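Notes follow once the structure below has been shown.
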Amino acid sequence: MDVYTAKNLNDALDQAIKDKNTTLEELTYNVIEEKKGILGIGNSITIEAYTMDDVKEFLFDYLGEFFTGINIDISVEISTIENGFKIVLDANNNAKLIGRNGRTLHAINTVVRGAVNSKYKRKFYILIDINNYKENRYRKVKAMAIRLAKNVRRTKVDATLDPLPNDERKIIHQTLSNFENVKTESEGEGRNRRLIIKYDDKE
């Protein structure tokens with residue numbers, strides 16, 4: 001993030017807008033220091049400011065350094081989506097980057113998401129995909145969730161799933177959020193966190 005200091009907030013924002021050739025609506029900022037002078041003399045305010053283009057540039061640089069560090073040639077495509085970014089990677093050995101059951105890809109997602117959230121002090125939605133693995137996986141997870149939910153509703157017997165990554169549990173929660181006579185809960189910690197599809201007769 002870039003830092004700007006001025007006599008007041010409006011002047012600091014004007015500096016950031018001109019420097020980044022952007023608009024106030026596209027600017028995100030945090031006040032990091034404010035000084036009060038005597039009778040208004042010596043007042044100053046310091047802000048950190050960035051745009052989504054700044055975040056995208058950070059992601060390109062971070063991913064470039066990350067894969068250079070492990071000696072993997074890779075192409076990176078980043079697109080802006082609601083509240084975050086979709087990143088599509090392509091390498092000579094995509095299967096190695098995906099890993100068994102997508103574990104390596106999930107780890108890459110976790111590392112990159114942690115880096116960008118720490119840098120900009122907010123939570124971005126980051127989806128890193130390789131050869132459409134995540135999109136296909138989400139589609140399968142949704143279909144599985146609907147199938148199990150129908151069975152739970154029919155038999156009134158809860159279904160406990162094998163441990164799943166956080167993003168896949170979230171997909172199931174969203175998919176079944178309006179499913180009649182069914183509710184979802186998570187239990188356990190870390191890699192052992194499981195999702196349970198429960199019969200709910202309250203509806």
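Numbering starts fresh at 1 for the residues of each chain in the structure tokens, the chains themselves are lettered A, B, ... in the order given, and ligands are numbered from 1 as they appear.
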Near Leu195 of chain A, within 10 Å and counting only C-alpha atoms, which residues show up once chain neighbours fewer than 2 positions away are dropped, as number ranges by chain? A: 159-164, 166, 168-170, 172-173, 184-188, 192-193, 197-198
Return as a Markdown table the residues of segment 86-193 of chain A lying at most 10 Å from segment 62-70 of chain A, together with the closest atom-to-atom pair for each and the distance in Å to one decimal, counting only C-alpha atoms, with rows in chain order and ascending residue number.
| residue | atom | partner | partner_atom | distance |
| --- | --- | --- | --- | --- |
| A:Ile87 | CA | A:Leu63 | CA | 10.0 |
| A:Leu89 | CA | A:Leu63 | CA | 9.7 |
| A:Ile108 | CA | A:Phe66 | CA | 9.7 |
| A:Val111 | CA | A:Phe66 | CA | 9.9 |
| A:Val112 | CA | A:Leu63 | CA | 7.8 |
| A:Ala115 | CA | A:Tyr62 | CA | 8.4 |
| A:Val116 | CA | A:Tyr62 | CA | 8.9 |
Residues from the last selection, C-alpha atoms, saved as a JSON list (two decimals), in the first residue's frame:
[["chain", "number", "residue", "atom", "x", "y", "z"],
["A", 87, "ILE", "CA", -6.48, -16.79, -10.45],
["A", 89, "LEU", "CA", -2.54, -21.12, -13.19],
["A", 108, "ILE", "CA", -1.42, -22.73, -2.44],
["A", 111, "VAL", "CA", -0.76, -19.31, 1.41],
["A", 112, "VAL", "CA", -1.73, -16.73, -1.22],
["A", 115, "ALA", "CA", -0.35, -13.14, 2.09],
["A", 116, "VAL", "CA", -2.79, -10.76, 0.40]]
Please identify all polymer residues within 10 Å of segment 100-102 of chain A, counting only C-alpha atoms, omitting same-chain residues fewer than 2 positions from it, and present them as a list in words. Ala95, Lys96, Leu97, Ile98, Thr104, Leu105, His106, Ala107, Ile130, Tyr133, Lys134, Arg137 and Pro165 of chain A
Would you export the selected residues with N, CA and C atoms as a PDB file, in the first residue's frame, please?
ATOM      1  N   ALA A  95      -0.828 -31.555 -12.674  1.00  0.00           N
ATOM      2  CA  ALA A  95      -1.231 -32.576 -11.700  1.00  0.00           C
ATOM      3  C   ALA A  95      -0.410 -32.463 -10.421  1.00  0.00           C
ATOM      4  N   LYS A  96       0.867 -32.128 -10.548  1.00  0.00           N
ATOM      5  CA  LYS A  96       1.735 -31.974  -9.373  1.00  0.00           C
ATOM      6  C   LYS A  96       1.279 -30.791  -8.522  1.00  0.00           C
ATOM      7  N   LEU A  97       0.865 -29.708  -9.184  1.00  0.00           N
ATOM      8  CA  LEU A  97       0.409 -28.524  -8.444  1.00  0.00           C
ATOM      9  C   LEU A  97      -0.961 -28.747  -7.802  1.00  0.00           C
ATOM     10  N   ILE A  98      -1.783 -29.582  -8.394  1.00  0.00           N
ATOM     11  CA  ILE A  98      -3.087 -29.888  -7.804  1.00  0.00           C
ATOM     12  C   ILE A  98      -2.899 -30.806  -6.597  1.00  0.00           C
ATOM     13  N   THR A 104      -2.483 -29.962  -2.587  1.00  0.00           N
ATOM     14  CA  THR A 104      -1.450 -28.966  -2.891  1.00  0.00           C
ATOM     15  C   THR A 104      -2.078 -27.663  -3.370  1.00  0.00           C
ATOM     16  N   LEU A 105      -3.080 -27.769  -4.220  1.00  0.00           N
ATOM     17  CA  LEU A 105      -3.787 -26.579  -4.700  1.00  0.00           C
ATOM     18  C   LEU A 105      -4.454 -25.848  -3.537  1.00  0.00           C
ATOM     19  N   HIS A 106      -5.042 -26.600  -2.629  1.00  0.00           N
ATOM     20  CA  HIS A 106      -5.665 -25.987  -1.453  1.00  0.00           C
ATOM     21  C   HIS A 106      -4.623 -25.253  -0.613  1.00  0.00           C
ATOM     22  N   ALA A 107      -3.437 -25.852  -0.472  1.00  0.00           N
ATOM     23  CA  ALA A 107      -2.363 -25.217   0.304  1.00  0.00           C
ATOM     24  C   ALA A 107      -1.902 -23.923  -0.364  1.00  0.00           C
ATOM     25  N   ILE A 130      -6.558 -24.562 -11.282  1.00  0.00           N
ATOM     26  CA  ILE A 130      -5.624 -25.121 -12.256  1.00  0.00           C
ATOM     27  C   ILE A 130      -6.393 -26.098 -13.134  1.00  0.00           C
ATOM     28  N   TYR A 133      -9.822 -27.452 -12.205  1.00  0.00           N
ATOM     29  CA  TYR A 133      -9.996 -28.478 -11.171  1.00  0.00           C
ATOM     30  C   TYR A 133     -11.016 -28.034 -10.128  1.00  0.00           C
ATOM     31  N   LYS A 134     -10.871 -26.804  -9.623  1.00  0.00           N
ATOM     32  CA  LYS A 134     -11.757 -26.327  -8.564  1.00  0.00           C
ATOM     33  C   LYS A 134     -13.205 -26.220  -9.043  1.00  0.00           C
ATOM     34  N   ARG A 137     -14.542 -29.618  -9.252  1.00  0.00           N
ATOM     35  CA  ARG A 137     -14.688 -30.158  -7.905  1.00  0.00           C
ATOM     36  C   ARG A 137     -15.911 -29.570  -7.209  1.00  0.00           C
ATOM     37  N   PRO A 165     -12.024 -29.451   2.809  1.00  0.00           N
ATOM     38  CA  PRO A 165     -11.464 -28.100   2.970  1.00  0.00           C
ATOM     39  C   PRO A 165     -12.569 -27.089   3.251  1.00  0.00           C
TER      40      PRO A 165
END
One-decimal distance in Å that lies between atom CA of Ile146 of chain A and atom CA of Leu127 of chain A: 22.9 Å
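Note that the spacing between atom CA of Lys7 of chain A and atom CA of Thr51 of chain A amounts to 22.3 Å.
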Counting only C-alpha atoms, which of A:Asp200, A:Val55, A:Asn92, A:Arg139 gets nearest to Thr155 of chain A? A:Asp200
Lys20 of chain A environment, 12 Å, only C-alpha atoms, sequence neighbours closer than 6 positions dropped, as a PDB file with C-alpha atoms, in the first residue's frame:
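This is the output file out-v5.pdb:
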ATOM      1  CA  MET A   1       0.000   0.000   0.000  1.00  0.00           C
ATOM      2  CA  ASP A   2       1.107   3.552  -0.677  1.00  0.00           C
ATOM      3  CA  VAL A   3       1.230   6.159   2.088  1.00  0.00           C
ATOM      4  CA  TYR A   4       0.052   9.762   1.777  1.00  0.00           C
ATOM      5  CA  LEU A  13      -7.304  11.430  -0.643  1.00  0.00           C
ATOM      6  CA  ASP A  14      -6.779  13.902  -3.485  1.00  0.00           C
ATOM      7  CA  GLU A  26     -12.298   2.864  -6.524  1.00  0.00           C
ATOM      8  CA  LEU A  27      -9.977   3.814  -3.670  1.00  0.00           C
ATOM      9  CA  THR A  28      -9.708   1.961  -0.362  1.00  0.00           C
ATOM     10  CA  ALA A  49      -4.451   3.729   0.111  1.00  0.00           C
ATOM     11  CA  TYR A  50      -4.834   1.162  -2.654  1.00  0.00           C
ATOM     12  CA  THR A  51      -7.065   0.077  -5.517  1.00  0.00           C
ATOM     13  CA  MET A  52      -8.014  -3.384  -6.752  1.00  0.00           C
ATOM     14  CA  ASP A  53      -5.436  -2.921  -9.520  1.00  0.00           C
ATOM     15  CA  ASP A  54      -2.779  -2.546  -6.803  1.00  0.00           C
TER      16      ASP A  54
END
Write out as a PyMOL selection string the set of residues from segment 37-176 of chain A that DSSP, computed on the backbone, places in alpha helix (DSSP H). chain A and resi 52-69+94-98+103-120+133-155+166-175
